[in-house]
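Chemist: I'm passing along final-v4.txt; it holds compact mmCIF, C-alpha atoms and all ligand atoms.
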```txt
# COMPACT_ATOMS: atom_id res chain seq x y z
CA MET A 267 0.00 0.00 0.00
CA SER A 268 1.38 3.46 -0.77
CA GLU A 269 1.83 5.77 2.16
CA MET A 270 -0.92 7.95 3.59
CA LEU A 271 -0.43 11.71 3.60
CA ILE A 272 -1.21 13.77 6.70
CA VAL A 273 -1.53 17.55 6.51
CA GLY A 274 -0.36 19.10 9.80
CA ALA A 275 1.99 17.85 12.54
CA GLY A 276 -0.04 19.38 15.39
CA PRO A 277 -0.97 16.98 18.20
CA VAL A 278 -3.77 15.37 16.19
CA GLY A 279 -1.77 14.85 12.97
CA ALA A 280 1.25 13.55 14.91
CA VAL A 281 -0.87 11.11 16.97
CA CYS A 282 -2.51 9.89 13.76
CA ALA A 283 0.88 9.21 12.13
CA LEU A 284 2.14 7.31 15.20
CA ALA A 285 -1.07 5.32 15.55
CA LEU A 286 -1.03 4.42 11.83
CA GLN A 287 2.49 3.16 12.24
CA GLN A 288 1.37 0.92 15.10
CA GLN A 289 -1.14 -0.52 12.64
CA GLY A 290 1.69 -1.17 10.17
CA ILE A 291 0.65 1.66 7.86
CA ALA A 292 3.22 4.17 6.61
CA ALA A 293 2.38 7.86 6.56
CA ARG A 294 4.15 11.04 5.45
CA VAL A 295 3.37 14.26 7.30
CA LEU A 296 3.53 17.75 5.80
CA GLU A 297 3.84 20.60 8.28
CA ALA A 298 3.73 24.27 7.31
CA GLN A 299 5.90 25.40 10.22
CA PRO A 300 9.67 24.91 10.07
CA LEU A 301 11.26 22.25 12.33
CA ASP A 302 12.66 24.86 14.73
CA ALA A 303 9.45 26.95 14.96
CA ARG A 304 8.58 27.99 18.51
CA ALA A 305 5.28 26.46 19.56
CA ASP A 306 2.87 28.96 21.05
CA THR A 307 2.13 29.32 24.72
CA ARG A 308 -1.37 27.87 24.87
CA THR A 309 -2.21 25.33 27.57
CA LEU A 310 -4.16 22.16 26.87
CA ALA A 311 -6.49 20.21 29.13
CA LEU A 312 -6.11 16.53 28.37
CA SER A 313 -8.65 13.99 29.56
CA TYR A 314 -7.63 10.74 31.23
CA GLY A 315 -8.84 8.96 28.08
CA SER A 316 -6.38 11.00 25.99
CA ARG A 317 -3.61 10.01 28.38
CA LEU A 318 -4.44 6.35 27.67
CA ILE A 319 -4.05 7.02 23.92
CA LEU A 320 -0.65 8.69 24.48
CA ASP A 321 0.31 5.79 26.77
CA ARG A 322 -0.43 3.25 24.06
CA LEU A 323 1.77 5.24 21.67
CA GLY A 324 4.61 5.23 24.21
CA VAL A 325 4.76 9.02 24.48
CA TRP A 326 3.00 9.73 27.78
CA ASP A 327 6.01 8.89 29.96
CA ARG A 328 8.17 11.30 27.96
CA ILE A 329 5.96 14.32 28.65
CA GLU A 330 7.29 16.64 31.32
CA GLY A 331 5.27 19.18 33.20
CA ALA A 332 1.79 17.60 33.05
CA THR A 333 -0.24 18.54 36.13
CA PRO A 334 -3.00 16.12 37.19
CA ILE A 335 -6.53 17.33 37.88
CA THR A 336 -7.86 15.19 40.72
CA ARG A 337 -10.90 17.31 41.60
CA ILE A 338 -13.15 19.73 39.70
CA HIS A 339 -15.28 22.32 41.45
CA ILE A 340 -18.20 23.63 39.36
CA SER A 341 -20.27 26.64 40.42
CA GLN A 342 -22.21 29.63 39.11
CA ARG A 343 -21.66 33.20 40.19
CA GLY A 344 -24.44 34.92 42.10
CA ALA A 345 -26.63 31.83 42.49
CA LEU A 346 -26.82 28.61 44.41
CA GLY A 347 -25.53 25.31 43.16
CA VAL A 348 -22.12 23.70 43.45
CA ALA A 349 -20.97 20.36 42.11
CA ARG A 350 -17.71 18.57 42.83
CA LEU A 351 -16.21 15.77 40.78
CA SER A 352 -13.26 13.75 41.99
CA ALA A 353 -11.01 11.18 40.38
CA SER A 354 -11.44 8.72 43.24
CA GLU A 355 -15.21 8.66 42.68
CA VAL A 356 -14.68 7.37 39.15
CA GLN A 357 -11.73 5.19 40.15
CA VAL A 358 -9.11 6.84 37.98
CA SER A 359 -5.86 8.41 39.18
CA ALA A 360 -6.75 11.78 37.61
CA LEU A 361 -9.76 13.25 35.82
CA GLY A 362 -7.39 14.88 33.37
CA TYR A 363 -4.09 16.71 32.99
CA VAL A 364 -3.01 20.21 32.12
CA LEU A 365 0.07 20.67 30.00
CA PRO A 366 1.71 23.21 27.76
CA TYR A 367 0.95 22.74 24.03
CA ALA A 368 4.69 23.26 23.47
CA SER A 369 5.65 20.28 25.71
CA LEU A 370 3.22 17.96 23.98
CA THR A 371 4.21 18.97 20.45
CA ALA A 372 7.94 18.74 21.30
CA VAL A 373 7.55 15.17 22.61
CA LEU A 374 5.42 14.18 19.62
CA LYS A 375 7.96 15.71 17.22
CA GLN A 376 10.70 13.61 18.82
CA ALA A 377 8.50 10.49 18.77
CA LEU A 378 7.87 10.96 15.03
CA ALA A 379 11.63 11.26 14.43
CA ASP A 380 12.41 8.22 16.63
CA ALA A 381 9.79 6.16 14.80
CA GLY A 382 11.35 7.09 11.46
CA ILE A 383 8.15 8.72 10.21
CA ALA A 384 8.84 11.17 7.38
CA VAL A 385 7.83 14.72 8.27
CA ASP A 386 8.38 17.51 5.75
CA TYR A 387 8.64 20.65 7.88
CA GLY A 388 8.19 24.07 6.32
CA VAL A 389 5.96 22.61 3.60
CA ALA A 390 2.51 24.21 3.41
CA VAL A 391 -0.20 22.38 1.53
CA ALA A 392 -1.91 24.78 -0.86
CA GLY A 393 -4.61 22.56 -2.37
CA ILE A 394 -6.04 19.06 -2.51
CA GLU A 395 -7.74 17.49 -5.52
CA SER A 396 -9.33 14.11 -5.25
CA ASP A 397 -11.50 11.55 -7.00
CA THR A 398 -12.63 8.04 -6.19
CA ALA A 399 -9.19 6.58 -7.03
CA CYS A 400 -6.78 8.83 -5.13
CA ALA A 401 -6.13 12.25 -3.63
CA THR A 402 -3.47 14.62 -4.94
CA LEU A 403 -2.05 17.28 -2.76
CA ARG A 404 -0.27 20.40 -4.02
CA THR A 405 2.28 22.19 -1.88
CA ALA A 406 2.78 25.96 -1.84
CA ALA A 407 6.07 25.36 -3.68
CA GLY A 408 4.15 23.66 -6.52
CA ASP A 409 5.08 20.00 -5.83
CA THR A 410 2.39 17.33 -6.02
CA LEU A 411 2.00 14.14 -3.99
CA THR A 412 -0.59 11.40 -4.42
CA ALA A 413 -2.01 8.97 -1.87
CA PRO A 414 -4.95 6.61 -1.38
CA LEU A 415 -5.95 8.74 1.63
CA VAL A 416 -5.14 12.32 2.68
CA VAL A 417 -5.78 13.05 6.36
CA VAL A 418 -6.35 16.76 6.93
CA ALA A 419 -5.24 17.68 10.48
CA ASP A 420 -4.40 21.32 9.82
CA GLY A 421 -6.47 22.79 12.64
CA GLY A 422 -9.05 24.05 10.15
CA ARG A 423 -6.88 26.78 8.74
CA GLY A 424 -5.64 25.19 5.57
CA ALA A 425 -6.18 23.79 2.17
CA LYS A 426 -9.35 21.74 2.34
CA ALA A 427 -11.39 23.97 4.63
CA ALA A 428 -15.07 23.47 3.90
CA ASP A 429 -18.16 25.37 5.01
CA PRO A 430 -19.19 24.21 8.48
CA LYS A 431 -22.37 22.15 8.74
CA ILE A 432 -23.02 23.61 12.19
CA SER A 433 -21.60 26.94 13.26
CA ARG A 434 -22.22 29.40 16.03
CA ASP A 435 -20.57 32.65 16.90
CA TYR A 436 -20.86 33.03 20.68
CA ASP A 437 -19.64 36.63 20.60
CA GLN A 438 -17.10 35.46 23.18
CA THR A 439 -13.32 35.64 23.35
CA ALA A 440 -11.04 33.74 25.73
CA VAL A 441 -8.48 35.70 27.71
CA VAL A 442 -5.77 33.22 28.73
CA CYS A 443 -2.73 33.48 31.00
CA ASP A 444 -1.16 31.81 34.04
CA VAL A 445 -2.12 33.13 37.47
CA GLN A 446 -0.80 32.54 40.94
CA THR A 447 -3.25 32.34 43.83
CA GLU A 448 -2.70 32.89 47.51
CA LEU A 449 -3.63 29.26 48.29
CA PRO A 450 -1.98 26.26 46.60
CA HIS A 451 -4.18 24.52 44.03
CA GLY A 452 -3.92 20.97 45.41
CA ASP A 453 -4.60 19.66 41.86
CA GLN A 454 -8.14 21.05 41.93
CA ALA A 455 -9.63 22.75 38.84
CA TYR A 456 -12.48 25.25 38.92
CA GLU A 457 -15.20 25.90 36.37
CA ARG A 458 -17.21 28.97 37.32
CA PHE A 459 -20.16 29.98 35.18
CA THR A 460 -20.98 33.67 34.96
CA PRO A 461 -23.51 35.52 32.78
CA GLU A 462 -20.61 36.81 30.65
CA GLY A 463 -19.30 33.28 30.05
CA PRO A 464 -17.44 30.53 31.95
CA ALA A 465 -14.12 31.06 33.72
CA ALA A 466 -11.83 28.07 34.26
CA LEU A 467 -8.81 27.73 36.52
CA LEU A 468 -6.72 24.68 35.64
CA PRO A 469 -3.81 23.60 37.87
CA ASN A 470 -0.64 24.09 35.86
CA GLY A 471 2.68 23.48 37.64
CA ASP A 472 2.58 25.61 40.78
CA ARG A 473 0.16 28.05 39.15
CA TYR A 474 -3.21 28.02 37.48
CA ALA A 475 -3.88 28.31 33.76
CA LEU A 476 -6.78 30.73 33.45
CA VAL A 477 -9.31 30.66 30.63
CA TRP A 478 -11.53 33.71 31.17
CA THR A 479 -14.37 33.89 28.69
CA ALA A 480 -15.68 37.39 28.05
CA ALA A 481 -17.87 39.13 25.51
CA ASN A 482 -15.82 40.16 22.46
CA ALA A 483 -16.26 43.83 23.33
CA ASP A 484 -14.82 43.32 26.86
CA ALA A 485 -12.05 40.80 26.21
CA GLN A 486 -9.49 43.16 24.67
CA ARG A 487 -10.07 45.69 27.45
CA ILE A 488 -9.59 42.96 30.11
CA ALA A 489 -6.46 41.65 28.42
CA ALA A 490 -5.00 45.17 28.27
CA LEU A 491 -5.44 45.90 32.01
CA SER A 492 -2.30 46.41 34.08
CA ASP A 493 -1.33 43.40 36.24
CA ALA A 494 -2.77 44.93 39.41
CA GLU A 495 -6.05 45.92 37.71
CA PHE A 496 -6.31 42.52 36.05
CA LEU A 497 -5.79 40.63 39.33
CA ASP A 498 -8.45 42.76 41.04
CA ALA A 499 -10.90 42.32 38.18
CA LEU A 500 -10.32 38.57 38.22
CA TYR A 501 -10.96 38.41 41.96
CA ARG A 502 -14.27 40.25 41.49
CA HIS A 503 -15.18 37.99 38.58
CA PHE A 504 -14.15 34.65 40.06
CA GLY A 505 -14.42 35.11 43.81
CA GLY A 506 -12.09 34.16 46.63
CA ARG A 507 -12.13 30.36 46.80
CA GLN A 508 -8.38 30.31 46.23
CA GLY A 509 -7.67 33.47 48.19
CA ARG A 510 -6.42 36.50 46.29
CA PHE A 511 -4.80 36.39 42.88
CA VAL A 512 -1.21 37.52 43.38
CA ALA A 513 0.49 37.34 39.96
CA ALA A 514 -0.41 36.93 36.29
CA SER A 515 1.61 36.24 33.14
CA SER A 516 1.00 38.27 29.98
CA ARG A 517 -2.51 37.90 28.60
CA LYS A 518 -3.44 36.41 25.22
CA THR A 519 -6.83 36.25 23.58
CA PHE A 520 -8.45 33.88 21.14
CA PRO A 521 -11.92 34.02 19.59
CA LEU A 522 -14.40 31.30 20.55
CA LYS A 523 -16.79 29.71 18.14
CA LEU A 524 -18.36 26.46 17.17
CA ALA A 525 -17.56 25.17 13.70
CA TYR A 526 -18.46 21.58 12.93
CA THR A 527 -17.35 20.64 9.44
CA GLY A 528 -17.09 16.89 9.85
CA SER A 529 -15.95 14.72 7.00
CA GLU A 530 -17.66 13.38 3.91
CA ALA A 531 -17.44 9.73 3.06
CA SER A 532 -16.07 10.34 -0.38
CA ASP A 533 -13.05 11.18 -2.41
CA ARG A 534 -10.23 9.94 -0.25
CA VAL A 535 -9.93 12.94 2.04
CA VAL A 536 -10.77 12.87 5.73
CA ARG A 537 -10.70 15.76 8.21
CA ILE A 538 -9.82 15.13 11.86
CA GLY A 539 -9.18 17.21 14.98
CA ASN A 540 -9.83 20.91 14.84
CA ALA A 541 -10.04 20.67 11.05
CA ALA A 542 -13.29 18.74 11.56
CA GLN A 543 -14.63 20.46 14.67
CA THR A 544 -13.61 23.58 16.56
CA LEU A 545 -15.36 23.80 19.92
CA HIS A 546 -15.65 26.30 22.75
CA PRO A 547 -13.14 25.24 25.46
CA VAL A 548 -15.77 25.25 28.26
CA ALA A 549 -15.86 21.49 28.78
CA GLY A 550 -12.36 20.72 27.47
CA GLN A 551 -13.86 18.50 24.79
CA GLY A 552 -12.44 19.72 21.45
CA PHE A 553 -8.84 18.65 21.75
CA ASN A 554 -9.72 15.27 23.29
CA ILE A 555 -12.26 14.51 20.57
CA GLY A 556 -9.50 15.32 18.07
CA LEU A 557 -7.15 12.75 19.60
CA ARG A 558 -9.94 10.15 19.51
CA ASP A 559 -10.52 11.00 15.82
CA ALA A 560 -6.86 10.24 15.11
CA TRP A 561 -6.86 7.03 17.17
CA GLU A 562 -10.10 5.65 15.74
CA LEU A 563 -9.15 6.50 12.16
CA ALA A 564 -5.81 4.69 12.50
CA GLY A 565 -7.55 1.66 14.06
CA LEU A 566 -10.05 1.53 11.22
CA CYS A 567 -7.29 1.81 8.59
CA GLY A 568 -5.57 -1.13 10.31
CA ASP A 569 -8.77 -3.20 10.22
CA THR A 570 -9.43 -2.44 6.53
CA PRO A 571 -7.90 -4.55 3.73
CA ALA A 572 -4.89 -2.67 2.33
CA ASP A 573 -6.43 -1.95 -1.07
CA GLU A 574 -9.62 -0.62 0.55
CA VAL A 575 -7.96 1.99 2.79
CA GLY A 576 -9.35 5.41 1.83
CA SER A 577 -12.30 3.95 -0.07
CA ALA A 578 -15.77 5.47 0.25
CA ASP A 579 -16.88 2.40 2.25
CA MET A 580 -14.07 2.84 4.76
CA LEU A 581 -14.67 6.59 5.13
CA ARG A 582 -18.40 5.99 5.53
CA ALA A 583 -17.61 3.59 8.36
CA TYR A 584 -15.32 6.21 9.91
CA VAL A 585 -17.96 8.94 9.76
CA ARG A 586 -20.57 6.56 11.18
CA GLY A 587 -18.26 5.41 13.96
CA ARG A 588 -17.37 8.93 15.06
CA ARG A 589 -20.83 10.48 14.84
CA VAL A 590 -22.04 9.82 18.39
CA ASP A 591 -18.82 10.94 20.07
CA VAL A 592 -18.32 14.05 17.94
CA LEU A 593 -21.91 15.27 17.78
CA GLY A 594 -22.31 14.40 21.49
CA GLY A 595 -19.32 16.62 22.30
CA VAL A 596 -20.56 19.40 20.01
CA GLY A 597 -24.05 19.31 21.55
CA PHE A 598 -22.84 19.07 25.17
CA THR A 599 -20.41 21.99 24.74
CA ASP A 600 -22.93 24.17 22.92
CA PHE A 601 -25.57 23.40 25.56
CA LEU A 602 -23.24 24.42 28.41
CA VAL A 603 -22.23 27.70 26.76
CA ARG A 604 -25.78 28.74 25.89
CA VAL A 605 -27.56 27.62 29.04
CA PHE A 606 -24.93 28.97 31.44
CA SER A 607 -23.87 32.24 29.74
CA ASN A 608 -26.87 34.35 30.73
CA ASP A 609 -28.65 35.82 33.73
CA ILE A 610 -32.23 34.75 32.98
CA ALA A 611 -33.83 33.93 36.37
CA PRO A 612 -35.65 30.66 35.51
CA LEU A 613 -32.53 29.34 33.84
CA ARG A 614 -30.41 30.41 36.79
CA HIS A 615 -32.61 28.36 39.13
CA ALA A 616 -32.69 25.39 36.75
CA ARG A 617 -28.90 25.49 36.56
CA GLY A 618 -28.70 25.56 40.35
CA LEU A 619 -30.92 22.47 40.51
CA GLY A 620 -28.83 20.79 37.82
CA LEU A 621 -25.63 21.41 39.79
CA LEU A 622 -27.30 20.20 42.99
CA ALA A 623 -28.45 17.02 41.24
CA LEU A 624 -24.92 16.50 39.96
CA GLU A 625 -23.57 16.95 43.47
CA VAL A 626 -25.92 14.56 45.27
CA PHE A 627 -26.77 11.94 42.66
CA PRO A 628 -23.75 9.61 42.22
CA PRO A 629 -24.90 7.92 38.95
CA LEU A 630 -25.27 11.35 37.30
CA LYS A 631 -21.87 12.38 38.61
CA SER A 632 -20.30 9.23 37.29
CA PHE A 633 -22.07 9.70 33.92
CA VAL A 634 -20.78 13.28 33.51
CA ALA A 635 -17.27 12.40 34.67
CA ARG A 636 -17.04 9.39 32.36
CA ARG A 637 -18.23 11.35 29.34
CA MET A 638 -15.69 14.07 30.03
CA ILE A 639 -12.95 11.45 30.35
CA PHE A 640 -13.84 9.04 27.57
CA GLY A 641 -16.30 10.92 25.33
CA ALA A 642 -19.91 10.16 24.49
CA ARG A 643 -19.28 6.42 24.45
CA GLY A 644 -17.61 6.52 27.88
C1 LIG B 701 -5.15 30.56 19.37
C2 LIG B 701 -5.65 29.27 19.97
C3 LIG B 701 -5.57 29.09 21.34
C4 LIG B 701 -6.07 27.92 21.92
N1 LIG B 701 -6.00 27.78 23.25
C5 LIG B 701 -6.46 26.65 23.83
C6 LIG B 701 -6.42 26.50 25.23
O1 LIG B 701 -6.01 27.39 25.97
N2 LIG B 701 -6.85 25.30 25.76
C7 LIG B 701 -7.33 24.30 24.95
O2 LIG B 701 -7.67 23.21 25.44
N3 LIG B 701 -7.39 24.44 23.62
C8 LIG B 701 -6.99 25.59 23.05
N4 LIG B 701 -7.07 25.73 21.70
C9 LIG B 701 -7.55 24.60 20.91
C10 LIG B 701 -6.44 23.58 20.73
O3 LIG B 701 -5.26 24.24 20.41
C11 LIG B 701 -6.84 22.60 19.64
O4 LIG B 701 -7.96 21.85 20.09
C12 LIG B 701 -5.72 21.62 19.28
O5 LIG B 701 -4.51 22.28 19.07
C13 LIG B 701 -6.15 20.87 18.03
O6 LIG B 701 -5.09 20.12 17.52
P1 LIG B 701 -4.94 19.92 15.94
O7 LIG B 701 -3.72 19.08 15.79
O8 LIG B 701 -6.24 19.50 15.35
O9 LIG B 701 -4.68 21.39 15.35
P2 LIG B 701 -3.47 22.38 15.60
O10 LIG B 701 -2.89 22.22 16.95
O11 LIG B 701 -3.96 23.72 15.19
O12 LIG B 701 -2.35 21.89 14.57
C14 LIG B 701 -2.51 22.06 13.16
C15 LIG B 701 -1.13 21.94 12.52
O13 LIG B 701 -1.32 22.01 11.10
C16 LIG B 701 -0.36 22.89 10.55
N5 LIG B 701 -0.93 23.45 9.31
C17 LIG B 701 -1.91 24.35 9.19
N6 LIG B 701 -2.17 24.60 7.91
C18 LIG B 701 -1.33 23.83 7.19
C19 LIG B 701 -1.08 23.64 5.79
N7 LIG B 701 -1.80 24.29 4.87
N8 LIG B 701 -0.12 22.77 5.39
C20 LIG B 701 0.62 22.09 6.32
N9 LIG B 701 0.43 22.23 7.65
C21 LIG B 701 -0.52 23.08 8.08
C22 LIG B 701 -0.16 23.94 11.64
O14 LIG B 701 1.09 24.61 11.48
C23 LIG B 701 -0.21 23.10 12.90
O15 LIG B 701 1.04 22.58 13.27
C24 LIG B 701 -6.62 26.90 21.10
C25 LIG B 701 -6.69 27.08 19.72
C26 LIG B 701 -6.22 28.26 19.15
C27 LIG B 701 -6.30 28.44 17.65
```
Could you show the structure in this file as structure tokens?

Modeler:
Amino acid sequence: MSEMLIVGAGPVGAVCALALQQQGIAARVLEAQPLDARADTRTLALSYGSRLILDRLGVWDRIEGATPITRIHISQRGALGVARLSASEVQVSALGYVLPYASLTAVLKQALADAGIAVDYGVAVAGIESDTACATLRTAAGDTLTAPLVVVADGGRGAKAADPKISRDYDQTAVVCDVQTELPHGDQAYERFTPEGPAALLPNGDRYALVWTAANADAQRIAALSDAEFLDALYRHFGGRQGRFVAASSRKTFPLKLAYTGSEASDRVVRIGNAAQTLHPVAGQGFNIGLRDAWELAGLCGDTPADEVGSADMLRAYVRGRRVDVLGGVGFTDFLVRVFSNDIAPLRHARGLGLLALEVFPPLKSFVARRMIFGARG
């Protein structure tokens, strides 16, 4: 079988290449960034299920600086209702992990090199043509490459971007940075819902990674506050469960939206990861769904007769197999953002009851925790 082509060596593309190799399938990866490009400073929340995938690929033990989340505290500002999830209740060592995007991509880059997987760095894919027999990819430099299957894992910014089937502009932007609190985090994460949008504190080393969701019009103003003003504003916004906020790194912003593009079961091209679905970070679903896309696709390629890999039948099976997990994650995330980002009284009370039910009803707690860890089929 000729080698597969993967567009993008982000976490999802890299995991796909490694998982394909475990299935005995060769892949070549094309990455627009040069080999020595500095990865950006974003922080990722990885579910326990994603850790298991990285374990099976032999990369988990090589990652440095992953902080476990053993407890999650969920609340809403200005109303009753608190729910607490803990790893021990679902019998796992951690509900998830927080780690720098740069650490993960550096380890994956090394794993690709160690596995002898060909990665062409600094090669941007400019276009993809395909028919029922094969897909042909054109680089920005004008070279062409052909494969029975092209896996697009370009984060949704590249060559084969299609119109989303489901999209929503939340009019929200995330302000992200690291913050230090007066009290140590003890591996506990917070999700606090406010009418302006959710705010998450994720334990990250000896600090917290903050994801503060604000209306577009406010986010730039918040990000531009001086350190002292920012720390005060955050205390007013989030409250004092961790004591005062005492330090913050420089603030970055990124726009939040829902774009579900999915993949069609035709023409030897499949989209995975953020290229297929970009989600609001509220429930930490998007990135973990992307890793499951890569893992499941590789498994399916391994189970498919060599001359059928990339066929319409195989891609139909892939789309069918991923539907529940992906659309479940899209729906769950969208529900949380829309139901929690407002100050409508009946909804506020219903949310309070929902959080109370989650707190006192163990099967519901276990259901929510398992779906956050393993996805809709958890
Ligand atoms: C600005 C920003 C901040 C974010 N912050 C957070 C956060 O704080 N927490 C969180 O959980 N999630 C965050 N996310 C989401 C998270 O980064 C994604 O879920 C995750 O990175 C998806 O992985 P991926 O491999 O699908 O895509 P990406 O990580 O985007 O990787 C795509 C790769 O494809 C390459 N590429 C793109 N176009 C081409 C092309 N034409 N040819 C070749 N290669 C190409 C890119 O260079 C990149 O290496 C953020 C996303 C963005 C855009």

Chemist: Please work out which residues fall within 12 Å of (-15.9, 34.4, 46.8), coordinates as given in the file, with all atoms listed in the file counting, and return them as a PyMOL selection string.

Modeler: chain A and resi 341-345+458+500-511

Chemist: Could those selected residues go to a file with C-alpha atoms, as a PDB file, in the frame of the given file?

Modeler:
```pdb
ATOM      1  CA  SER A 341     -20.270  26.640  40.420  1.00  0.00           C
ATOM      2  CA  GLN A 342     -22.210  29.630  39.110  1.00  0.00           C
ATOM      3  CA  ARG A 343     -21.660  33.200  40.190  1.00  0.00           C
ATOM      4  CA  GLY A 344     -24.440  34.920  42.100  1.00  0.00           C
ATOM      5  CA  ALA A 345     -26.630  31.830  42.490  1.00  0.00           C
ATOM      6  CA  ARG A 458     -17.210  28.970  37.320  1.00  0.00           C
ATOM      7  CA  LEU A 500     -10.320  38.570  38.220  1.00  0.00           C
ATOM      8  CA  TYR A 501     -10.960  38.410  41.960  1.00  0.00           C
ATOM      9  CA  ARG A 502     -14.270  40.250  41.490  1.00  0.00           C
ATOM     10  CA  HIS A 503     -15.180  37.990  38.580  1.00  0.00           C
ATOM     11  CA  PHE A 504     -14.150  34.650  40.060  1.00  0.00           C
ATOM     12  CA  GLY A 505     -14.420  35.110  43.810  1.00  0.00           C
ATOM     13  CA  GLY A 506     -12.090  34.160  46.630  1.00  0.00           C
ATOM     14  CA  ARG A 507     -12.130  30.360  46.800  1.00  0.00           C
ATOM     15  CA  GLN A 508      -8.380  30.310  46.230  1.00  0.00           C
ATOM     16  CA  GLY A 509      -7.670  33.470  48.190  1.00  0.00           C
ATOM     17  CA  ARG A 510      -6.420  36.500  46.290  1.00  0.00           C
ATOM     18  CA  PHE A 511      -4.800  36.390  42.880  1.00  0.00           C
TER      19      PHE A 511
END
```

Chemist: Go through A:Phe496, A:Tyr387, A:Phe459, A:Phe553 one by one, measure the shortest atom-to-atom distance of each to ligand LIG 701 (chain B) using only C-alpha atoms and all ligand atoms, and give the residue with the smallest value.

Modeler: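 When distances to ligand LIG 701 (chain B) are compared using only C-alpha atoms and all ligand atoms, the smallest one comes from A:Phe553.
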
Chemist: Name each residue within 8 Å of ligand LIG 701 (chain B), counting only C-alpha atoms and all ligand atoms, as a PDB file with C-alpha atoms, in the coordinates of the input.

Modeler:
```pdb
ATOM      1  CA  VAL A 273      -1.530  17.550   6.510  1.00  0.00           C
ATOM      2  CA  GLY A 274      -0.360  19.100   9.800  1.00  0.00           C
ATOM      3  CA  ALA A 275       1.990  17.850  12.540  1.00  0.00           C
ATOM      4  CA  GLY A 276      -0.040  19.380  15.390  1.00  0.00           C
ATOM      5  CA  PRO A 277      -0.970  16.980  18.200  1.00  0.00           C
ATOM      6  CA  VAL A 278      -3.770  15.370  16.190  1.00  0.00           C
ATOM      7  CA  GLY A 279      -1.770  14.850  12.970  1.00  0.00           C
ATOM      8  CA  ALA A 280       1.250  13.550  14.910  1.00  0.00           C
ATOM      9  CA  LEU A 296       3.530  17.750   5.800  1.00  0.00           C
ATOM     10  CA  GLU A 297       3.840  20.600   8.280  1.00  0.00           C
ATOM     11  CA  ALA A 298       3.730  24.270   7.310  1.00  0.00           C
ATOM     12  CA  GLN A 299       5.900  25.400  10.220  1.00  0.00           C
ATOM     13  CA  ARG A 308      -1.370  27.870  24.870  1.00  0.00           C
ATOM     14  CA  THR A 309      -2.210  25.330  27.570  1.00  0.00           C
ATOM     15  CA  LEU A 310      -4.160  22.160  26.870  1.00  0.00           C
ATOM     16  CA  ALA A 311      -6.490  20.210  29.130  1.00  0.00           C
ATOM     17  CA  LEU A 312      -6.110  16.530  28.370  1.00  0.00           C
ATOM     18  CA  TYR A 367       0.950  22.740  24.030  1.00  0.00           C
ATOM     19  CA  GLY A 388       8.190  24.070   6.320  1.00  0.00           C
ATOM     20  CA  VAL A 389       5.960  22.610   3.600  1.00  0.00           C
ATOM     21  CA  ALA A 390       2.510  24.210   3.410  1.00  0.00           C
ATOM     22  CA  VAL A 391      -0.200  22.380   1.530  1.00  0.00           C
ATOM     23  CA  ALA A 392      -1.910  24.780  -0.860  1.00  0.00           C
ATOM     24  CA  GLY A 393      -4.610  22.560  -2.370  1.00  0.00           C
ATOM     25  CA  THR A 405       2.280  22.190  -1.880  1.00  0.00           C
ATOM     26  CA  ALA A 419      -5.240  17.680  10.480  1.00  0.00           C
ATOM     27  CA  ASP A 420      -4.400  21.320   9.820  1.00  0.00           C
ATOM     28  CA  GLY A 421      -6.470  22.790  12.640  1.00  0.00           C
ATOM     29  CA  GLY A 422      -9.050  24.050  10.150  1.00  0.00           C
ATOM     30  CA  ARG A 423      -6.880  26.780   8.740  1.00  0.00           C
ATOM     31  CA  GLY A 424      -5.640  25.190   5.570  1.00  0.00           C
ATOM     32  CA  ALA A 425      -6.180  23.790   2.170  1.00  0.00           C
ATOM     33  CA  VAL A 442      -5.770  33.220  28.730  1.00  0.00           C
ATOM     34  CA  VAL A 477      -9.310  30.660  30.630  1.00  0.00           C
ATOM     35  CA  THR A 519      -6.830  36.250  23.580  1.00  0.00           C
ATOM     36  CA  PHE A 520      -8.450  33.880  21.140  1.00  0.00           C
ATOM     37  CA  PRO A 521     -11.920  34.020  19.590  1.00  0.00           C
ATOM     38  CA  ILE A 538      -9.820  15.130  11.860  1.00  0.00           C
ATOM     39  CA  GLY A 539      -9.180  17.210  14.980  1.00  0.00           C
ATOM     40  CA  ASN A 540      -9.830  20.910  14.840  1.00  0.00           C
ATOM     41  CA  ALA A 541     -10.040  20.670  11.050  1.00  0.00           C
ATOM     42  CA  THR A 544     -13.610  23.580  16.560  1.00  0.00           C
ATOM     43  CA  LEU A 545     -15.360  23.800  19.920  1.00  0.00           C
ATOM     44  CA  PRO A 547     -13.140  25.240  25.460  1.00  0.00           C
ATOM     45  CA  GLY A 550     -12.360  20.720  27.470  1.00  0.00           C
ATOM     46  CA  GLN A 551     -13.860  18.500  24.790  1.00  0.00           C
ATOM     47  CA  GLY A 552     -12.440  19.720  21.450  1.00  0.00           C
ATOM     48  CA  PHE A 553      -8.840  18.650  21.750  1.00  0.00           C
ATOM     49  CA  ASN A 554      -9.720  15.270  23.290  1.00  0.00           C
ATOM     50  CA  GLY A 556      -9.500  15.320  18.070  1.00  0.00           C
ATOM     51  CA  LEU A 557      -7.150  12.750  19.600  1.00  0.00           C
TER      52      LEU A 557
END
```

Chemist: Report as number ranges by chain all protein, DNA and RNA residues lying within 9 Å of Val634 in chain A, evaluated on only C-alpha atoms, omitting residues in the same chain fewer than 4 positions from it.

Modeler: A: 351, 624, 629-630, 638-639

Chemist: If you count all atoms listed in the file, which residues fall within 9 Å of Asp397 in chain A, apart from same-chain ones fewer than 6 positions away, as a list in words?

Modeler: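 My list of contacting residues is Ser532, Asp533 and Arg534 of chain A.
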